[in-house]
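Below is the file data_25.cif, which contains mmCIF, C-alpha atoms.
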```
data_my_file
#
loop_
_atom_site.group_PDB
_atom_site.id
_atom_site.type_symbol
_atom_site.label_atom_id
_atom_site.label_comp_id
_atom_site.auth_asym_id
_atom_site.auth_seq_id
_atom_site.Cartn_x
_atom_site.Cartn_y
_atom_site.Cartn_z
ATOM 1 C CA MET A 17 20.547 12.639 3.724
ATOM 2 C CA LEU A 18 18.573 15.478 5.334
ATOM 3 C CA ASN A 19 18.881 18.985 3.866
ATOM 4 C CA ARG A 20 20.666 17.759 0.764
ATOM 5 C CA VAL A 21 19.653 19.012 -2.676
ATOM 6 C CA ALA A 22 19.691 16.703 -5.692
ATOM 7 C CA ILE A 23 18.958 17.165 -9.353
ATOM 8 C CA ILE A 24 18.040 14.161 -11.498
ATOM 9 C CA THR A 25 18.152 14.735 -15.254
ATOM 10 C CA GLY A 26 15.476 12.818 -17.106
ATOM 11 C CA GLY A 27 13.953 12.206 -13.698
ATOM 12 C CA ALA A 28 10.302 11.981 -14.765
ATOM 13 C CA ARG A 29 10.295 8.544 -16.352
ATOM 14 C CA GLY A 30 11.925 5.134 -16.301
ATOM 15 C CA ILE A 31 14.925 4.646 -14.043
ATOM 16 C CA GLY A 32 15.081 8.381 -13.369
ATOM 17 C CA ARG A 33 11.560 8.386 -11.981
ATOM 18 C CA GLU A 34 12.385 5.606 -9.532
ATOM 19 C CA ILE A 35 15.567 7.380 -8.453
ATOM 20 C CA SER A 36 13.588 10.587 -7.887
ATOM 21 C CA LYS A 37 11.035 8.771 -5.733
ATOM 22 C CA VAL A 38 13.563 6.903 -3.603
ATOM 23 C CA LEU A 39 15.678 9.973 -2.908
ATOM 24 C CA ALA A 40 12.659 12.140 -2.099
ATOM 25 C CA GLN A 41 11.289 9.455 0.220
ATOM 26 C CA ASN A 42 14.631 9.477 2.033
ATOM 27 C CA GLY A 43 14.599 13.148 2.890
ATOM 28 C CA ILE A 44 16.507 14.660 -0.021
ATOM 29 C CA LYS A 45 15.148 17.770 -1.726
ATOM 30 C CA VAL A 46 14.700 16.491 -5.266
ATOM 31 C CA ILE A 47 14.579 18.577 -8.418
ATOM 32 C CA VAL A 48 13.297 16.522 -11.333
ATOM 33 C CA ASN A 49 14.522 17.663 -14.725
ATOM 34 C CA TYR A 50 12.431 16.842 -17.782
ATOM 35 C CA ASN A 51 12.316 17.939 -21.406
ATOM 36 C CA LYS A 52 9.337 16.349 -23.185
ATOM 37 C CA SER A 53 7.779 14.518 -20.232
ATOM 38 C CA LYS A 54 5.959 17.365 -18.477
ATOM 39 C CA GLU A 55 2.827 15.304 -17.858
ATOM 40 C CA MET A 56 4.825 12.505 -16.215
ATOM 41 C CA ALA A 57 6.787 15.013 -14.127
ATOM 42 C CA GLU A 58 3.564 16.626 -12.889
ATOM 43 C CA LYS A 59 2.103 13.199 -12.150
ATOM 44 C CA LEU A 60 5.157 12.246 -10.078
ATOM 45 C CA LYS A 61 4.943 15.524 -8.175
ATOM 46 C CA GLN A 62 1.290 14.912 -7.315
ATOM 47 C CA GLU A 63 1.947 11.279 -6.419
ATOM 48 C CA LEU A 64 4.605 12.266 -3.886
ATOM 49 C CA LYS A 65 2.477 15.130 -2.583
ATOM 50 C CA LYS A 66 0.006 12.478 -1.349
ATOM 51 C CA GLU A 67 2.871 11.187 0.816
ATOM 52 C CA SER A 68 3.458 14.744 2.096
ATOM 53 C CA ILE A 69 6.672 14.904 0.068
ATOM 54 C CA SER A 70 7.462 18.007 -1.998
ATOM 55 C CA ILE A 71 9.621 17.889 -5.117
ATOM 56 C CA ASP A 72 10.434 20.514 -7.719
ATOM 57 C CA ILE A 73 10.229 19.964 -11.470
ATOM 58 C CA VAL A 74 12.229 21.939 -14.046
ATOM 59 C CA LYS A 75 12.078 21.805 -17.832
ATOM 60 C CA ALA A 76 15.394 21.896 -19.675
ATOM 61 C CA ASP A 77 16.912 20.218 -22.711
ATOM 62 C CA VAL A 78 20.201 19.090 -21.165
ATOM 63 C CA SER A 79 21.827 18.861 -24.589
ATOM 64 C CA LYS A 80 21.630 22.677 -24.790
ATOM 65 C CA ARG A 81 24.043 24.759 -22.713
ATOM 66 C CA ASN A 82 21.790 27.792 -22.315
ATOM 67 C CA GLU A 83 18.914 25.714 -20.938
ATOM 68 C CA VAL A 84 21.218 23.895 -18.520
ATOM 69 C CA LYS A 85 22.585 27.232 -17.278
ATOM 70 C CA GLU A 86 19.070 28.519 -16.657
ATOM 71 C CA MET A 87 18.104 25.357 -14.789
ATOM 72 C CA VAL A 88 21.209 25.375 -12.571
ATOM 73 C CA ASN A 89 20.827 29.083 -11.815
ATOM 74 C CA TYR A 90 17.181 28.547 -10.888
ATOM 75 C CA ILE A 91 18.128 25.776 -8.432
ATOM 76 C CA LEU A 92 20.997 27.720 -6.876
ATOM 77 C CA ASN A 93 18.878 30.847 -6.495
ATOM 78 C CA LYS A 94 16.052 28.885 -4.865
ATOM 79 C CA TYR A 95 17.950 26.331 -2.762
ATOM 80 C CA GLY A 96 21.414 27.851 -2.420
ATOM 81 C CA LYS A 97 23.347 24.724 -3.372
ATOM 82 C CA ILE A 98 23.415 21.459 -5.310
ATOM 83 C CA ASP A 99 24.821 18.517 -3.345
ATOM 84 C CA ILE A 100 23.962 15.685 -5.707
ATOM 85 C CA LEU A 101 23.815 15.403 -9.491
ATOM 86 C CA ILE A 102 22.372 12.318 -11.149
ATOM 87 C CA ASN A 103 23.091 12.410 -14.896
ATOM 88 C CA ASN A 104 20.367 10.056 -16.064
ATOM 89 C CA ALA A 105 18.881 11.622 -19.213
ATOM 90 C CA GLY A 106 19.555 9.747 -22.430
ATOM 91 C CA ILE A 107 18.149 8.264 -25.604
ATOM 92 C CA SER A 108 18.764 5.051 -27.543
ATOM 93 C CA ASN A 109 19.094 4.159 -31.193
ATOM 94 C CA TYR A 110 18.922 0.715 -32.808
ATOM 95 C CA LYS A 111 20.418 0.700 -36.287
ATOM 96 C CA LEU A 112 23.149 -0.885 -38.376
ATOM 97 C CA PHE A 113 26.356 1.148 -38.008
ATOM 98 C CA ILE A 114 26.683 1.581 -41.772
ATOM 99 C CA ASP A 115 23.238 3.213 -41.911
ATOM 100 C CA VAL A 116 23.784 5.737 -39.102
ATOM 101 C CA THR A 117 23.589 9.329 -40.350
ATOM 102 C CA ASP A 118 25.564 12.328 -39.110
ATOM 103 C CA GLU A 119 22.341 13.721 -37.672
ATOM 104 C CA GLU A 120 21.679 10.515 -35.711
ATOM 105 C CA TRP A 121 25.283 10.428 -34.444
ATOM 106 C CA ASN A 122 25.035 14.025 -33.236
ATOM 107 C CA ASN A 123 21.651 13.420 -31.624
ATOM 108 C CA ILE A 124 22.857 10.444 -29.593
ATOM 109 C CA ILE A 125 26.190 12.008 -28.612
ATOM 110 C CA ASN A 126 24.589 15.337 -27.671
ATOM 111 C CA ASN A 127 21.792 13.803 -25.597
ATOM 112 C CA ASN A 128 23.832 11.059 -23.925
ATOM 113 C CA LEU A 129 27.383 12.396 -23.608
ATOM 114 C CA TYR A 130 27.505 16.145 -24.181
ATOM 115 C CA SER A 131 24.594 16.536 -21.753
ATOM 116 C CA VAL A 132 26.696 14.918 -18.998
ATOM 117 C CA PHE A 133 29.666 17.158 -19.812
ATOM 118 C CA CYS A 134 27.510 20.271 -19.920
ATOM 119 C CA THR A 135 25.370 19.638 -16.828
ATOM 120 C CA THR A 136 28.315 18.471 -14.737
ATOM 121 C CA GLN A 137 30.379 21.496 -15.718
ATOM 122 C CA GLU A 138 27.603 23.927 -14.749
ATOM 123 C CA VAL A 139 26.924 22.209 -11.407
ATOM 124 C CA LEU A 140 30.600 21.935 -10.486
ATOM 125 C CA HIS A 141 31.059 25.645 -9.859
ATOM 126 C CA SER A 142 28.859 25.336 -6.768
ATOM 127 C CA MET A 143 30.241 21.960 -5.665
ATOM 128 C CA ILE A 144 33.870 23.093 -5.900
ATOM 129 C CA HIS A 145 33.056 26.256 -3.978
ATOM 130 C CA ASN A 146 31.415 24.173 -1.224
ATOM 131 C CA LYS A 147 34.121 21.462 -1.399
ATOM 132 C CA ASN A 148 31.415 18.825 -1.374
ATOM 133 C CA GLY A 149 29.477 16.886 -3.950
ATOM 134 C CA CYS A 150 28.269 13.556 -5.273
ATOM 135 C CA ILE A 151 27.919 12.973 -9.010
ATOM 136 C CA ILE A 152 26.444 9.719 -10.310
ATOM 137 C CA ASN A 153 26.276 9.042 -14.033
ATOM 138 C CA ILE A 154 23.940 6.464 -15.523
ATOM 139 C CA SER A 155 25.836 4.738 -18.307
ATOM 140 C CA SER A 156 25.102 1.230 -19.606
ATOM 141 C CA ILE A 157 26.420 -2.279 -19.808
ATOM 142 C CA TRP A 158 26.833 -1.574 -23.535
ATOM 143 C CA GLY A 159 29.392 1.077 -22.731
ATOM 144 C CA MET A 160 31.465 -1.712 -21.189
ATOM 145 C CA VAL A 161 31.091 -4.472 -23.771
ATOM 146 C CA GLY A 162 29.457 -2.858 -26.821
ATOM 147 C CA ALA A 163 26.178 -3.793 -28.475
ATOM 148 C CA SER A 164 25.485 -4.880 -32.026
ATOM 149 C CA CYS A 165 23.349 -2.309 -33.874
ATOM 150 C CA GLU A 166 23.755 0.139 -30.979
ATOM 151 C CA SER A 167 27.295 1.286 -31.713
ATOM 152 C CA ILE A 168 26.702 5.023 -31.245
ATOM 153 C CA TYR A 169 24.765 4.438 -28.030
ATOM 154 C CA SER A 170 27.646 2.238 -26.823
ATOM 155 C CA VAL A 171 30.196 4.942 -27.711
ATOM 156 C CA SER A 172 28.234 7.557 -25.781
ATOM 157 C CA LYS A 173 27.994 5.393 -22.675
ATOM 158 C CA ALA A 174 31.666 4.357 -22.807
ATOM 159 C CA GLY A 175 32.485 8.070 -22.948
ATOM 160 C CA ILE A 176 30.480 8.637 -19.769
ATOM 161 C CA ASP A 177 32.478 5.953 -17.959
ATOM 162 C CA ALA A 178 35.794 7.451 -19.118
ATOM 163 C CA MET A 179 34.660 10.904 -17.963
ATOM 164 C CA THR A 180 33.621 9.422 -14.621
ATOM 165 C CA LYS A 181 37.077 7.962 -13.968
ATOM 166 C CA SER A 182 38.913 11.111 -15.023
ATOM 167 C CA LEU A 183 36.716 13.429 -12.967
ATOM 168 C CA ALA A 184 37.003 11.219 -9.885
ATOM 169 C CA LYS A 185 40.776 11.793 -9.948
ATOM 170 C CA GLU A 186 40.462 15.501 -10.713
ATOM 171 C CA LEU A 187 37.730 16.288 -8.176
ATOM 172 C CA GLY A 188 38.710 14.024 -5.286
ATOM 173 C CA PRO A 189 40.771 16.771 -3.576
ATOM 174 C CA CYS A 190 37.590 18.911 -3.561
ATOM 175 C CA ASN A 191 35.686 16.152 -1.730
ATOM 176 C CA ILE A 192 33.552 15.486 -4.801
ATOM 177 C CA ARG A 193 32.869 11.843 -5.590
ATOM 178 C CA VAL A 194 32.069 10.714 -9.136
ATOM 179 C CA ASN A 195 30.765 7.253 -10.035
ATOM 180 C CA SER A 196 28.898 5.511 -12.835
ATOM 181 C CA ILE A 197 26.169 2.931 -12.709
ATOM 182 C CA ALA A 198 26.037 0.733 -15.812
ATOM 183 C CA PRO A 199 22.676 -1.063 -15.814
ATOM 184 C CA GLY A 200 22.122 -4.288 -17.658
ATOM 185 C CA ILE A 201 18.666 -5.096 -19.027
ATOM 186 C CA ILE A 202 16.199 -3.178 -16.854
ATOM 187 C CA ASN A 203 12.416 -3.317 -17.100
ATOM 188 C CA THR A 204 11.755 0.112 -18.663
ATOM 189 C CA ASP A 205 10.347 1.526 -21.911
ATOM 190 C CA MET A 206 13.754 1.004 -23.507
ATOM 191 C CA ILE A 207 13.072 -2.720 -23.831
ATOM 192 C CA SER A 208 9.472 -2.311 -25.007
ATOM 193 C CA ASN A 209 10.509 -3.295 -28.540
ATOM 194 C CA PHE A 210 11.878 -6.646 -27.340
ATOM 195 C CA SER A 211 9.690 -9.669 -27.998
ATOM 196 C CA LYS A 212 8.752 -12.036 -25.176
ATOM 197 C CA GLU A 213 11.040 -14.640 -26.751
ATOM 198 C CA GLU A 214 13.968 -12.218 -26.820
ATOM 199 C CA ILE A 215 13.427 -11.340 -23.167
ATOM 200 C CA ASN A 216 13.291 -15.022 -22.221
ATOM 201 C CA ASP A 217 16.512 -15.683 -24.158
ATOM 202 C CA ILE A 218 18.246 -12.936 -22.179
ATOM 203 C CA ILE A 219 16.894 -14.208 -18.864
ATOM 204 C CA GLN A 220 18.390 -17.624 -19.584
ATOM 205 C CA GLN A 221 21.832 -15.964 -19.793
ATOM 206 C CA ILE A 222 21.468 -14.102 -16.471
ATOM 207 C CA PRO A 223 22.636 -16.059 -13.398
ATOM 208 C CA LEU A 224 19.986 -14.416 -11.188
ATOM 209 C CA GLU A 225 17.361 -15.448 -13.766
ATOM 210 C CA ARG A 226 15.434 -12.186 -14.021
ATOM 211 C CA ILE A 227 15.381 -8.813 -15.725
ATOM 212 C CA GLY A 228 16.555 -5.959 -13.534
ATOM 213 C CA LYS A 229 14.084 -3.700 -11.752
ATOM 214 C CA LYS A 230 14.253 0.080 -11.555
ATOM 215 C CA THR A 231 14.508 -0.226 -7.776
ATOM 216 C CA ASP A 232 17.757 -2.187 -8.210
ATOM 217 C CA ILE A 233 19.334 0.950 -9.677
ATOM 218 C CA ALA A 234 17.719 3.379 -7.234
ATOM 219 C CA LYS A 235 18.959 1.399 -4.219
ATOM 220 C CA CYS A 236 22.532 1.558 -5.533
ATOM 221 C CA ILE A 237 22.171 5.306 -6.080
ATOM 222 C CA LYS A 238 21.075 5.720 -2.460
ATOM 223 C CA TRP A 239 24.082 3.707 -1.259
ATOM 224 C CA LEU A 240 26.520 5.758 -3.337
ATOM 225 C CA ILE A 241 25.103 8.947 -1.839
ATOM 226 C CA ASP A 242 25.386 7.604 1.711
ATOM 227 C CA ASP A 243 28.905 6.263 1.176
ATOM 228 C CA ASP A 244 31.826 8.680 1.459
ATOM 229 C CA TYR A 245 34.783 6.646 0.189
ATOM 230 C CA THR A 246 33.720 5.244 -3.195
ATOM 231 C CA THR A 247 34.735 7.209 -6.274
ATOM 232 C CA GLY A 248 35.825 6.556 -9.849
ATOM 233 C CA GLN A 249 33.903 3.304 -10.056
ATOM 234 C CA VAL A 250 31.704 1.860 -12.803
ATOM 235 C CA ILE A 251 29.197 -0.379 -11.052
ATOM 236 C CA SER A 252 27.379 -2.706 -13.409
ATOM 237 C CA ILE A 253 24.035 -3.897 -12.075
ATOM 238 C CA ASN A 254 23.169 -6.723 -14.419
ATOM 239 C CA GLY A 255 22.338 -9.847 -12.400
ATOM 240 C CA GLY A 256 25.669 -11.421 -13.329
ATOM 241 C CA TRP A 257 24.936 -11.310 -17.063
ATOM 242 C CA ILE A 258 28.318 -9.648 -17.667
ATOM 243 C CA ILE A 259 31.089 -10.101 -15.120
ATOM 244 C CA ASN A 260 34.321 -8.173 -15.690
#
```

Would you kindly transcribe this structure into structure tokens?
Amino acid sequence: MLNRVAIITGGARGIGREISKVLAQNGIKVIVNYNKSKEMAEKLKQELKKESISIDIVKADVSKRNEVKEMVNYILNKYGKIDILINNAGISNYKLFIDVTDEEWNNIINNNLYSVFCTTQEVLHSMIHNKNGCIINISSIWGMVGASCESIYSVSKAGIDAMTKSLAKELGPCNIRVNSIAPGIINTDMISNFSKEEINDIIQQIPLERIGKKTDIAKCIKWLIDDDYTTGQVISINGGWIIN
């Protein structure tokens, strides 16, 4: 993993934060993208500095093309390449389908799906030129099976998985691997609105009898980076809750 450059969108908090830490601790030059989480990004940078590990942090709203272009250009000018892209940034929305507004639809699709399209497209110029790259998209179990009252979120994540499979076929000849990780219920802020009873009900349905940890996702990310023959896959890390 030495001398490789990785960008993690939404890398300052939640799953993205854990991914950023694990990759940086394994010798990858990590660029953490954030939009509204500057304080958390700075905190992560200082935390890793105590371990004599240096990371870079870059502000950009990945749902906006011009900001993505600026971020990618900054990285290429400073580091000369981008080997790894982790499309992790995203937002959720819990609402009855019939009550979803056009504005809410656009917000979810732009932040969760368009951001992956836009960031991947901007990074690919360098990867194709170098004939090397690893792209990992963070989707969701709900993109695979759908979720009641999270229909737009589910649509956005299913779109990520479809893009993953298509790009794996298109980019394979350029030695660029593209995969998705579809987490189940993971212990992050996204489940902070769940009651203790709701969490316990879910745990009873999971064969491994626990909620997922952020490290479960980060370890799979590390494996996908190390591996050189896995592409076009949607790997669902969910403790056996959903088995396809």

Would you mind listing, for every residue of range 101-150 of chain A within 9 Å of range 59-81 of chain A, the two atoms forming the shortest contact and the distance between them in Å to one decimal, using only C-alpha atoms, sorted by chain and ascending residue number, as JSON lines?
```
{"residue": "A:Ala105", "atom": "CA", "partner": "A:Val78", "partner_atom": "CA", "distance": 7.8}
{"residue": "A:Asn123", "atom": "CA", "partner": "A:Ser79", "partner_atom": "CA", "distance": 8.9}
{"residue": "A:Asn126", "atom": "CA", "partner": "A:Ser79", "partner_atom": "CA", "distance": 5.4}
{"residue": "A:Asn127", "atom": "CA", "partner": "A:Ser79", "partner_atom": "CA", "distance": 5.2}
{"residue": "A:Asn128", "atom": "CA", "partner": "A:Ser79", "partner_atom": "CA", "distance": 8.1}
{"residue": "A:Leu129", "atom": "CA", "partner": "A:Ser79", "partner_atom": "CA", "distance": 8.6}
{"residue": "A:Tyr130", "atom": "CA", "partner": "A:Ser79", "partner_atom": "CA", "distance": 6.3}
{"residue": "A:Ser131", "atom": "CA", "partner": "A:Ser79", "partner_atom": "CA", "distance": 4.6}
{"residue": "A:Val132", "atom": "CA", "partner": "A:Val78", "partner_atom": "CA", "distance": 8.0}
{"residue": "A:Cys134", "atom": "CA", "partner": "A:Arg81", "partner_atom": "CA", "distance": 6.3}
{"residue": "A:Thr135", "atom": "CA", "partner": "A:Val78", "partner_atom": "CA", "distance": 6.8}
{"residue": "A:Glu138", "atom": "CA", "partner": "A:Arg81", "partner_atom": "CA", "distance": 8.8}
```

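Among A:Gln249, A:Ile35, A:Ile114, A:Ile144, the residue with the shortest atom-to-atom distance to Ile192 in chain A, counting only C-alpha atoms, is A:Ile144.
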
Item checked: Using all atoms listed in the file: which of A:Ile219, A:Ile207, A:Met87, A:Ile23 has the shortest distance to Asn109 in chain A ->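 So, comparing all the options, the nearest one is A:Ile207.
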
Margin query: Which residues are close to range 182-185 of chain A, i.e. within 7 Å by only C-alpha atoms, leaving aside same-chain residues fewer than 3 positions away? Reply as a ChimeraX atom specification.
Written below: /A:178-179,188,193-194,247-248

Identify the residues within 9 Å of coordinate (22.3, -3.0, -12.2) (same frame as the file), considering only C-alpha atoms, and give the answer as a short mmCIF file (atom, residue, chain, number, x, y, z; two decimals) with C-alpha atoms, in the frame of the given file.
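File written: point_25.cif
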```
data_model
loop_
_atom_site.label_atom_id
_atom_site.label_comp_id
_atom_site.auth_asym_id
_atom_site.auth_seq_id
_atom_site.Cartn_x
_atom_site.Cartn_y
_atom_site.Cartn_z
CA SER A 156 25.10 1.23 -19.61
CA ILE A 157 26.42 -2.28 -19.81
CA ILE A 197 26.17 2.93 -12.71
CA ALA A 198 26.04 0.73 -15.81
CA PRO A 199 22.68 -1.06 -15.81
CA GLY A 200 22.12 -4.29 -17.66
CA ILE A 201 18.67 -5.10 -19.03
CA ILE A 202 16.20 -3.18 -16.85
CA GLY A 228 16.56 -5.96 -13.53
CA LYS A 229 14.08 -3.70 -11.75
CA LYS A 230 14.25 0.08 -11.56
CA ASP A 232 17.76 -2.19 -8.21
CA ILE A 233 19.33 0.95 -9.68
CA CYS A 236 22.53 1.56 -5.53
CA ILE A 251 29.20 -0.38 -11.05
CA SER A 252 27.38 -2.71 -13.41
CA ILE A 253 24.04 -3.90 -12.08
CA ASN A 254 23.17 -6.72 -14.42
CA GLY A 255 22.34 -9.85 -12.40
#
```

Notebook entry, point to check: Could you state the separation of CA of Asn209 in chain A and CA of Thr25 in chain A in Å, given to one decimal place?
Noted result: 23.7 Å

Check: Taking only C-alpha atoms into account, which of A:Ile176, A:Cys165, A:Val139, A:Ile241 comes nearest Val88 in chain A?
Finding: A:Val139

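Applied to this file, the PyMOL selection byres ((chain A and resi 170) around 10) selects the residues Ser108, Asn109, Ile124, Ser155, Ser156, Ile157, Trp158, Gly159, Met160, Val161, Gly162, Ala163, Ser164, Cys165, Glu166, Ser167, Ile168, Tyr169, Val171, Ser172, Lys173, Ala174, Gly175 and Ile176 of chain A.
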
Since I can't run it myself right now, could you work out what the PyMOL selection byres ((chain A and resi 196) around 6) selects here and report it as a PDB file with C-alpha atoms, in the coordinates of the input?
```pdb
ATOM      1  CA  ILE A 152      26.444   9.719 -10.310  1.00  0.00           C
ATOM      2  CA  ASN A 153      26.276   9.042 -14.033  1.00  0.00           C
ATOM      3  CA  ILE A 154      23.940   6.464 -15.523  1.00  0.00           C
ATOM      4  CA  ASN A 195      30.765   7.253 -10.035  1.00  0.00           C
ATOM      5  CA  ILE A 197      26.169   2.931 -12.709  1.00  0.00           C
ATOM      6  CA  VAL A 250      31.704   1.860 -12.803  1.00  0.00           C
TER       7      VAL A 250
END
```
